[in-house]
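A.B. asks: For reference, this is structure.tsv, and it has TSV, C-alpha atoms and all ligand atoms.
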```
chain	number	residue	atom	x	y	z
A	1	MET	CA	17.86	-4.07	-14.55
A	2	SER	CA	14.24	-5.17	-14.48
A	3	ALA	CA	11.97	-4.16	-11.63
A	4	LEU	CA	11.26	-6.54	-8.76
A	5	LEU	CA	7.52	-6.05	-9.17
A	6	GLU	CA	5.67	-4.90	-12.25
A	7	VAL	CA	1.95	-4.36	-12.08
A	8	GLU	CA	0.30	-3.80	-15.43
A	9	ASP	CA	-3.25	-2.52	-15.69
A	10	ILE	CA	-4.66	-4.68	-12.90
A	11	LYS	CA	-8.38	-4.76	-12.32
A	12	THR	CA	-10.02	-6.28	-9.26
A	13	TYR	CA	-13.78	-6.35	-9.06
A	14	PHE	CA	-16.17	-7.60	-6.39
A	15	ILE	CA	-19.77	-8.63	-6.78
A	16	VAL	CA	-22.10	-7.13	-4.18
A	17	ARG	CA	-25.86	-7.13	-3.69
A	18	GLN	CA	-27.53	-3.75	-3.47
A	19	ALA	CA	-31.29	-3.54	-2.98
A	20	GLY	CA	-31.56	-7.12	-4.23
A	21	LYS	CA	-29.55	-6.37	-7.37
A	22	ARG	CA	-26.17	-7.81	-8.32
A	23	ARG	CA	-23.69	-4.97	-8.76
A	24	ILE	CA	-19.99	-4.82	-9.61
A	25	VAL	CA	-17.62	-2.89	-7.33
A	26	LYS	CA	-14.64	-1.81	-9.39
A	27	ALA	CA	-12.27	-1.63	-6.43
A	28	VAL	CA	-9.16	-1.47	-8.63
A	29	ASP	CA	-9.78	-0.46	-12.20
A	30	GLY	CA	-6.62	-0.41	-14.28
A	31	VAL	CA	-3.62	0.36	-12.09
A	32	SER	CA	-0.01	0.08	-13.26
A	33	PHE	CA	3.26	0.65	-11.41
A	34	SER	CA	6.58	-0.97	-10.68
A	35	ILE	CA	8.85	-1.30	-7.67
A	36	ASN	CA	12.60	-1.78	-7.89
A	37	ARG	CA	14.63	-3.95	-5.57
A	38	GLY	CA	15.26	-2.26	-2.25
A	39	GLU	CA	12.95	0.64	-3.08
A	40	THR	CA	9.93	2.01	-1.22
A	41	LEU	CA	6.86	3.06	-3.16
A	42	GLY	CA	4.31	4.96	-1.09
A	43	MET	CA	0.66	4.53	-2.06
A	44	VAL	CA	-1.84	7.06	-0.76
A	45	GLY	CA	-5.50	7.93	-1.19
A	46	GLU	CA	-8.72	8.33	0.77
A	47	SER	CA	-10.56	5.44	2.37
A	48	GLY	CA	-12.10	3.05	-0.15
A	49	CYS	CA	-9.92	4.04	-3.13
A	50	GLY	CA	-8.60	0.49	-3.49
A	51	LYS	CA	-5.19	0.60	-1.76
A	52	SER	CA	-5.64	-2.59	0.27
A	53	THR	CA	-7.16	-4.33	-2.73
A	54	VAL	CA	-4.04	-3.54	-4.77
A	55	GLY	CA	-1.91	-5.09	-2.01
A	56	ARG	CA	-4.18	-8.09	-1.64
A	57	THR	CA	-4.27	-8.62	-5.41
A	58	ILE	CA	-0.46	-8.65	-5.63
A	59	MET	CA	-0.48	-11.26	-2.85
A	60	ARG	CA	-3.24	-13.03	-4.80
A	61	PHE	CA	-5.57	-12.99	-1.79
A	62	ASN	CA	-7.90	-11.35	-4.30
A	63	LYS	CA	-8.16	-12.60	-7.84
A	64	PRO	CA	-7.42	-10.02	-10.55
A	65	GLU	CA	-10.06	-9.68	-13.24
A	66	GLY	CA	-7.52	-8.40	-15.72
A	67	GLY	CA	-3.96	-7.16	-16.10
A	68	ARG	CA	-0.64	-8.75	-15.21
A	69	ILE	CA	1.53	-9.07	-12.12
A	70	ILE	CA	5.20	-9.81	-12.74
A	71	PHE	CA	7.36	-10.68	-9.72
A	72	ASP	CA	11.09	-11.00	-10.30
A	73	GLY	CA	10.48	-11.73	-13.97
A	74	ASN	CA	7.77	-14.36	-13.32
A	75	ASP	CA	4.15	-13.87	-14.29
A	76	ILE	CA	2.25	-14.56	-11.05
A	77	THR	CA	-1.15	-13.29	-12.23
A	78	THR	CA	-2.42	-16.87	-12.22
A	79	GLY	CA	-0.90	-20.23	-11.32
A	80	ASP	CA	0.88	-21.59	-8.30
A	81	MET	CA	1.94	-18.91	-5.80
A	82	ARG	CA	3.78	-21.32	-3.46
A	83	PRO	CA	7.26	-20.67	-4.85
A	84	TYR	CA	6.79	-16.93	-4.21
A	85	ARG	CA	4.83	-16.85	-0.94
A	86	SER	CA	7.90	-16.76	1.28
A	87	ARG	CA	9.47	-13.95	-0.75
A	88	MET	CA	6.55	-11.54	-0.45
A	89	GLN	CA	4.54	-10.83	2.68
A	90	MET	CA	1.90	-8.35	3.79
A	91	VAL	CA	1.59	-6.57	7.14
A	92	PHE	CA	-1.88	-5.25	7.95
A	93	GLN	CA	-3.18	-2.09	9.59
A	94	ASP	CA	-4.76	-3.66	12.59
A	95	PRO	CA	-2.21	-5.61	14.62
A	96	TYR	CA	-5.02	-6.74	16.95
A	97	SER	CA	-6.85	-8.80	14.37
A	98	SER	CA	-3.94	-9.87	12.17
A	99	LEU	CA	-2.23	-12.06	14.79
A	100	ASP	CA	-4.04	-15.27	15.76
A	101	PRO	CA	-4.92	-14.82	19.46
A	102	ARG	CA	-4.65	-18.56	20.19
A	103	MET	CA	-1.09	-18.92	18.96
A	104	SER	CA	2.02	-18.03	20.94
A	105	ILE	CA	4.31	-15.37	19.47
A	106	GLY	CA	6.91	-18.07	18.81
A	107	GLU	CA	4.40	-20.08	16.76
A	108	ILE	CA	3.15	-16.99	14.93
A	109	VAL	CA	6.62	-15.84	13.88
A	110	ALA	CA	7.73	-19.36	12.88
A	111	GLU	CA	4.67	-20.05	10.73
A	112	PRO	CA	5.99	-18.88	7.31
A	113	LEU	CA	9.22	-20.76	8.00
A	114	ASN	CA	7.30	-23.94	8.81
A	115	ILE	CA	5.36	-23.61	5.57
A	116	GLN	CA	8.51	-23.13	3.52
A	117	TYR	CA	10.45	-25.88	5.31
A	118	PRO	CA	8.08	-28.65	6.44
A	119	ALA	CA	9.14	-31.07	9.19
A	120	GLY	CA	12.38	-32.82	8.35
A	121	GLN	CA	13.73	-30.02	6.17
A	122	MET	CA	15.04	-27.91	9.03
A	123	SER	CA	15.96	-28.81	12.59
A	124	LYS	CA	14.03	-27.47	15.57
A	125	GLN	CA	17.12	-25.67	16.80
A	126	GLU	CA	17.69	-23.98	13.44
A	127	ARG	CA	14.08	-22.78	13.37
A	128	ALA	CA	14.31	-21.46	16.91
A	129	ASP	CA	17.56	-19.62	16.12
A	130	ILE	CA	16.07	-17.92	13.06
A	131	VAL	CA	12.91	-16.90	14.95
A	132	LEU	CA	14.93	-15.41	17.79
A	133	GLU	CA	17.25	-13.59	15.39
A	134	LYS	CA	14.28	-11.95	13.64
A	135	MET	CA	12.63	-11.04	16.95
A	136	ARG	CA	15.81	-9.29	18.02
A	137	LEU	CA	15.94	-7.42	14.72
A	138	VAL	CA	12.59	-5.82	15.52
A	139	GLY	CA	13.59	-5.03	19.10
A	140	MET	CA	11.79	-7.92	20.84
A	141	ASN	CA	13.39	-10.53	23.09
A	142	GLN	CA	13.26	-14.28	23.76
A	143	GLU	CA	10.86	-13.89	26.66
A	144	ALA	CA	8.14	-12.69	24.24
A	145	LEU	CA	8.11	-15.99	22.34
A	146	SER	CA	6.05	-17.94	24.87
A	147	ARG	CA	3.52	-15.14	25.35
A	148	PHE	CA	0.31	-14.39	23.43
A	149	PRO	CA	-0.73	-11.44	21.21
A	150	HIS	CA	-3.08	-9.84	23.77
A	151	GLU	CA	-0.14	-9.32	26.13
A	152	PHE	CA	1.48	-6.77	23.80
A	153	SER	CA	0.84	-3.16	22.80
A	154	GLY	CA	-0.13	-2.16	19.25
A	155	GLY	CA	3.43	-1.10	18.42
A	156	GLN	CA	4.87	-4.36	19.76
A	157	ARG	CA	2.35	-6.35	17.77
A	158	GLN	CA	3.40	-4.56	14.59
A	159	ARG	CA	7.02	-5.41	15.42
A	160	ILE	CA	5.97	-9.05	15.79
A	161	SER	CA	4.11	-8.91	12.44
A	162	ILE	CA	7.26	-7.55	10.79
A	163	ALA	CA	9.44	-10.27	12.39
A	164	ARG	CA	6.99	-12.87	11.07
A	165	ALA	CA	7.12	-11.36	7.57
A	166	MET	CA	10.92	-11.40	7.65
A	167	VAL	CA	11.37	-14.92	8.98
A	168	THR	CA	11.96	-16.24	5.45
A	169	LYS	CA	14.15	-14.46	2.94
A	170	LEU	CA	11.99	-11.55	1.92
A	171	ASP	CA	12.13	-9.49	-1.30
A	172	LEU	CA	8.90	-7.52	-1.06
A	173	LEU	CA	6.94	-6.37	1.96
A	174	ILE	CA	3.51	-4.83	1.47
A	175	LEU	CA	2.76	-2.63	4.46
A	176	ASP	CA	-0.95	-1.81	4.55
A	177	GLU	CA	-1.24	1.24	6.80
A	178	PRO	CA	1.13	-0.37	9.31
A	179	VAL	CA	1.23	2.66	11.62
A	180	SER	CA	-2.25	4.20	11.21
A	181	ALA	CA	-3.57	2.59	14.40
A	182	LEU	CA	-0.57	3.62	16.52
A	183	ASP	CA	0.31	6.70	18.60
A	184	VAL	CA	2.33	9.32	16.72
A	185	SER	CA	5.52	8.70	18.75
A	186	ILE	CA	5.30	4.95	18.09
A	187	GLN	CA	4.63	5.57	14.39
A	188	ALA	CA	8.02	7.25	14.02
A	189	GLN	CA	9.77	4.37	15.81
A	190	ILE	CA	8.23	1.77	13.51
A	191	ILE	CA	8.95	3.81	10.37
A	192	ASN	CA	12.59	4.32	11.41
A	193	MET	CA	12.91	0.62	12.19
A	194	LEU	CA	11.52	-0.29	8.75
A	195	MET	CA	14.02	2.05	7.12
A	196	ASP	CA	16.91	0.48	9.07
A	197	LEU	CA	15.78	-3.03	8.17
A	198	GLN	CA	15.54	-2.07	4.51
A	199	GLU	CA	19.04	-0.64	4.54
A	200	ARG	CA	20.41	-3.84	6.07
A	201	PHE	CA	18.45	-6.42	4.12
A	202	GLY	CA	17.50	-4.65	0.90
A	203	MET	CA	13.85	-5.66	0.63
A	204	ALA	CA	11.41	-3.48	-1.31
A	205	TYR	CA	8.35	-1.95	0.36
A	206	LEU	CA	4.93	-1.01	-0.92
A	207	PHE	CA	3.91	1.34	1.87
A	208	ILE	CA	0.18	2.11	1.93
A	209	ALA	CA	-1.16	5.13	3.86
A	210	HIS	CA	-4.07	7.58	3.90
A	211	ASP	CA	-1.85	10.53	4.22
A	212	LEU	CA	0.99	11.91	2.13
A	213	SER	CA	2.88	13.11	5.20
A	214	VAL	CA	3.22	9.53	6.53
A	215	VAL	CA	4.90	8.21	3.38
A	216	ARG	CA	7.11	11.25	2.77
A	217	HIS	CA	9.92	10.15	5.07
A	218	ILE	CA	10.09	6.53	3.98
A	219	SER	CA	9.29	6.52	0.23
A	220	GLN	CA	11.50	7.27	-2.74
A	221	ARG	CA	8.44	7.48	-4.96
A	222	VAL	CA	4.78	8.07	-4.26
A	223	MET	CA	1.65	7.07	-6.13
A	224	VAL	CA	-1.71	8.75	-5.52
A	225	MET	CA	-4.86	6.66	-5.96
A	226	TYR	CA	-8.45	7.76	-6.35
A	227	LEU	CA	-11.48	5.50	-6.85
A	228	GLY	CA	-9.55	2.49	-8.06
A	229	ARG	CA	-7.19	4.38	-10.36
A	230	CYS	CA	-3.83	6.04	-10.22
A	231	MET	CA	-3.93	9.83	-10.50
A	232	GLU	CA	-0.26	10.73	-10.22
A	233	SER	CA	3.09	9.18	-9.44
A	234	ALA	CA	6.46	10.82	-8.98
A	235	GLY	CA	9.58	10.99	-6.86
A	236	THR	CA	8.57	11.95	-3.31
A	237	GLU	CA	10.18	15.40	-3.35
A	238	ALA	CA	8.91	16.23	-6.85
A	239	LEU	CA	5.39	15.27	-5.83
A	240	HIS	CA	5.51	17.48	-2.74
A	241	LYS	CA	7.12	20.46	-4.46
A	242	ASN	CA	5.22	20.30	-7.70
A	243	PRO	CA	2.00	18.31	-7.47
A	244	LEU	CA	0.40	18.29	-10.93
A	245	HIS	CA	-2.93	16.58	-10.32
A	246	PRO	CA	-5.76	18.60	-8.73
A	247	TYR	CA	-6.40	15.71	-6.32
A	248	THR	CA	-2.78	15.60	-5.14
A	249	GLN	CA	-2.87	19.38	-4.76
A	250	ALA	CA	-5.94	19.05	-2.57
A	251	LEU	CA	-4.40	16.29	-0.46
A	252	LEU	CA	-1.26	18.35	0.08
A	253	SER	CA	-3.07	21.51	0.94
A	254	ALA	CA	-4.97	19.62	3.65
A	255	ILE	CA	-1.67	18.97	5.47
A	256	PRO	CA	-1.02	21.81	7.95
A	257	VAL	CA	2.16	23.78	7.23
A	258	PRO	CA	4.00	24.79	10.42
A	259	ASP	CA	5.63	27.87	8.88
A	260	PRO	CA	3.06	30.73	8.59
A	261	GLU	CA	5.01	32.35	5.74
A	262	MET	CA	4.86	29.10	3.74
A	263	SER	CA	1.24	28.63	4.69
A	264	ARG	CA	0.27	32.05	3.23
A	265	LYS	CA	2.02	31.28	-0.04
A	266	LYS	CA	0.42	27.90	-0.34
A	267	ARG	CA	-2.73	27.91	-2.39
A	268	ARG	CA	-5.45	26.14	-0.48
A	269	VAL	CA	-7.46	23.69	-2.50
A	270	VAL	CA	-10.30	22.36	-0.43
A	271	LEU	CA	-11.58	18.91	-1.18
A	272	GLU	CA	-15.36	18.96	-0.98
A	273	GLY	CA	-17.84	16.11	-0.92
A	274	ASP	CA	-17.26	12.40	-0.63
A	275	VAL	CA	-15.62	9.87	-2.87
A	276	PRO	CA	-18.33	8.54	-5.24
A	277	SER	CA	-19.29	4.87	-5.02
A	278	PRO	CA	-17.06	2.46	-6.95
A	279	VAL	CA	-20.29	0.70	-7.93
A	280	ASP	CA	-21.25	3.67	-10.04
A	281	PRO	CA	-18.12	5.73	-10.73
A	282	PRO	CA	-18.35	9.00	-12.72
A	283	SER	CA	-17.78	8.73	-16.47
A	284	GLY	CA	-14.51	10.01	-17.91
A	285	CYS	CA	-12.21	11.26	-15.17
A	286	VAL	CA	-13.35	9.65	-11.91
A	287	PHE	CA	-12.23	12.74	-9.97
A	288	ARG	CA	-14.37	15.17	-11.97
A	289	THR	CA	-17.25	15.40	-9.47
A	290	ARG	CA	-14.86	17.00	-6.96
A	291	CYS	CA	-12.51	18.82	-9.33
A	292	HIS	CA	-12.56	22.63	-9.60
A	293	TYR	CA	-11.10	22.42	-13.11
A	294	ALA	CA	-13.50	19.87	-14.55
A	295	ALA	CA	-14.49	20.66	-18.15
A	296	GLU	CA	-16.66	18.95	-20.76
A	297	ARG	CA	-13.88	16.68	-21.94
A	298	CYS	CA	-13.41	15.37	-18.39
A	299	ALA	CA	-16.87	13.75	-18.43
A	300	ALA	CA	-16.42	12.26	-21.89
A	301	GLU	CA	-12.93	10.82	-21.78
A	302	ALA	CA	-10.85	9.17	-19.05
A	303	PRO	CA	-7.39	10.74	-18.89
A	304	VAL	CA	-4.47	8.35	-19.30
A	305	MET	CA	-1.18	8.57	-17.41
A	306	GLU	CA	1.07	11.07	-19.22
A	307	ASP	CA	4.76	11.53	-18.79
A	308	ALA	CA	5.43	14.98	-17.36
A	309	GLY	CA	9.20	14.39	-17.40
A	310	GLN	CA	11.75	13.03	-14.95
A	311	GLY	CA	9.69	10.11	-13.82
A	312	HIS	CA	6.65	12.25	-13.01
A	313	PHE	CA	3.37	10.84	-14.39
A	314	VAL	CA	-0.10	12.34	-14.17
A	315	ALA	CA	-3.59	11.43	-15.37
A	316	CYS	CA	-5.35	14.76	-16.04
A	317	HIS	CA	-6.49	16.39	-19.28
A	318	ASN	CA	-5.53	19.80	-18.02
A	319	PHE	CA	-2.30	19.30	-16.15
A	320	ARG	CA	-0.25	21.39	-18.60
A	321	ARG	CA	-2.59	24.34	-18.04
A	322	LEU	CA	-3.04	24.17	-14.27
B	1	LIG	N1	-14.31	-8.40	-0.34
B	1	LIG	C1	-14.95	-7.33	-0.80
B	1	LIG	N2	-16.22	-7.40	-1.23
B	1	LIG	C2	-16.88	-6.32	-1.72
B	1	LIG	N3	-16.33	-5.09	-1.79
B	1	LIG	C3	-15.07	-4.94	-1.37
B	1	LIG	C4	-14.30	-6.04	-0.83
B	1	LIG	N4	-13.07	-5.59	-0.49
B	1	LIG	C5	-13.06	-4.26	-0.78
B	1	LIG	N5	-14.25	-3.89	-1.31
B	1	LIG	C6	-14.62	-2.53	-1.76
B	1	LIG	O1	-13.62	-2.12	-2.67
B	1	LIG	C7	-13.32	-0.73	-2.50
B	1	LIG	C8	-11.86	-0.58	-2.18
B	1	LIG	O2	-11.60	-1.11	-0.89
B	1	LIG	P1	-10.17	-1.12	-0.23
B	1	LIG	O3	-10.29	-1.79	1.08
B	1	LIG	O4	-9.19	-1.66	-1.20
B	1	LIG	O5	-9.87	0.43	-0.04
B	1	LIG	P2	-8.73	1.17	0.79
B	1	LIG	O6	-8.19	2.24	-0.09
B	1	LIG	O7	-7.77	0.17	1.33
B	1	LIG	O8	-9.54	1.85	1.99
B	1	LIG	P3	-9.10	2.13	3.51
B	1	LIG	O9	-8.23	3.33	3.43
B	1	LIG	O10	-10.38	2.38	4.20
B	1	LIG	O11	-8.38	0.92	4.01
B	1	LIG	C9	-14.25	-0.23	-1.40
B	1	LIG	O12	-15.37	0.32	-1.99
B	1	LIG	C10	-14.62	-1.51	-0.66
B	1	LIG	O13	-15.88	-1.39	-0.06
B	2	LIG	S1	-9.13	15.37	-16.04
B	2	LIG	FE1	-10.51	17.08	-15.64
B	2	LIG	S2	-11.76	16.45	-13.89
B	2	LIG	FE2	-9.98	15.10	-13.99
B	2	LIG	S3	-8.51	16.01	-12.64
B	2	LIG	FE3	-8.05	16.80	-14.66
B	2	LIG	S4	-9.20	18.70	-14.84
B	2	LIG	FE4	-10.02	17.59	-13.06
B	3	MG	MG	-7.21	-0.36	3.25
```
In structure tokens, write the structure found in this file.
C.D. replies:
Amino acid sequence: MSALLEVEDIKTYFIVRQAGKRRIVKAVDGVSFSINRGETLGMVGESGCGKSTVGRTIMRFNKPEGGRIIFDGNDITTGDMRPYRSRMQMVFQDPYSSLDPRMSIGEIVAEPLNIQYPAGQMSKQERADIVLEKMRLVGMNQEALSRFPHEFSGGQRQRISIARAMVTKLDLLILDEPVSALDVSIQAQIINMLMDLQERFGMAYLFIAHDLSVVRHISQRVMVMYLGRCMESAGTEALHKNPLHPYTQALLSAIPVPDPEMSRKKRRVVLEGDVPSPVDPPSGCVFRTRCHYAAERCAAEAPVMEDAGQGHFVACHNFRRL
């Protein structure tokens, strides 16, 4: 069976002005992955590594410079997105700015439905029934429909964003740090709700987060990004038990381990310095300026994704020796 989404070597660049000069920001610079129906792929990496840009490029809010995006067997890299808009949606990190403050919740949730079925193609009653059904799915009630975004908490707003995304028949939901702005207790509620909804309705998720611990519970597979590229991807448990890339090892060792015995055994790899600018990325392996294992070859040649077996892929010249 073919994947629901196949992303092949996408590149998304932005032009910026720096000190009066025109420079190219290589926000996403050759990223490939696929997502199966009903599956969750977690995507993690530090701020600025290109996670949101990957999501926005799949949605075609950003134009890819190169590569291909295949959705349900259709090449959507260019051309008319209208037939696919209702089947893929994106939920953003900040539920305060992503919902239009002037629209009622009822109008906000109905919007994708109204785009898919313009006036005359669906009765008012049918629309209202669907909107209410989706609101109930995310734990909200009828009374919320006539209210406005500012009347709700961050967690409730994310529930509303998810209801809106699900108001048409959805195959893929891109969740761009959907819980990062919420309290820890609310984060768990939203993640559990997303897992329940996926079990019932079978949509696939691309779940973007800063932190590996956030995606662990929800994702079957995880992909680690750094400076616009993919460093490693594997099944969630394999990635946690046996991280092969020095960057993944560093990210994992930054997560506190509650068991002191485990903590002693765990080798600490400290990540020093900042992510270099995507305007002027390091030659060869983009991680080399922060890698303890960097060797001459790492500056000369960019590592490609290699198959380490059992669906585990890693881009590092030295992974067999680490
Ligand atoms: N519209 C734009 N114009 C210019 N540069 C941009 C634009 N959008 C993103 N970038 C740059 O592209 C790079 C990747 O940004 P992106 O928002 O995708 O990262 P991210 O991984 O989502 O970060 P965060 O974790 O902070 O959300 C950054 O250097 C960012 O400044
Ligand atoms: S290729 Fe070299 S610099 Fe890059 S992660 Fe591997 S060892 Fe480190
Ligand atoms: Mg982002």
A.B. asks: Please list as a ChimeraX atom specification every residue within 8 Å of A:Leu239, counting all atoms listed in the file and excluding residues in the same chain fewer than 6 positions away.
C.D. replies: /A:222,233,312
A.B. asks: What residues have any atom no more than 7 Å from ligand LIG 1 (chain B) when counting all atoms listed in the file, and can you list them as a PyMOL selection string?
C.D. replies: chain A and resi 14-16+25-27+45-54+210+277-278
A.B. asks: Write as a list in words the residues around ligand LIG 2 (chain B), taking 6 Å as the cut-off and counting all atoms listed in the file.
C.D. replies: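 I would give the residues around ligand LIG 2 (chain B) as Pro246, Cys285, Phe287, Arg288, Cys291, Tyr293, Ala294, Ala295, Cys298, Pro303, Cys316, His317 and Asn318 of chain A.
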A.B. asks: Give me, as a list of chain:residue names, all polymer residues having an atom no more than 6 Å from stretch 8-12 of chain A, counting all atoms listed in the file and skipping those fewer than 6 positions away in the same chain.
C.D. replies: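 So, after excluding close chain neighbours, the residues are A:Ala27, A:Val28, A:Asp29, A:Gly30, A:Val31, A:Ser32, A:Pro64, A:Glu65, A:Gly66, A:Gly67, A:Arg68.
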A.B. asks: At most 8 Å from (10.9, -11.2, 10.1), file frame, only C-alpha atoms: which residues, as a PyMOL selection string?
C.D. replies: chain A and resi 109+131+134-135+137-138+160-168
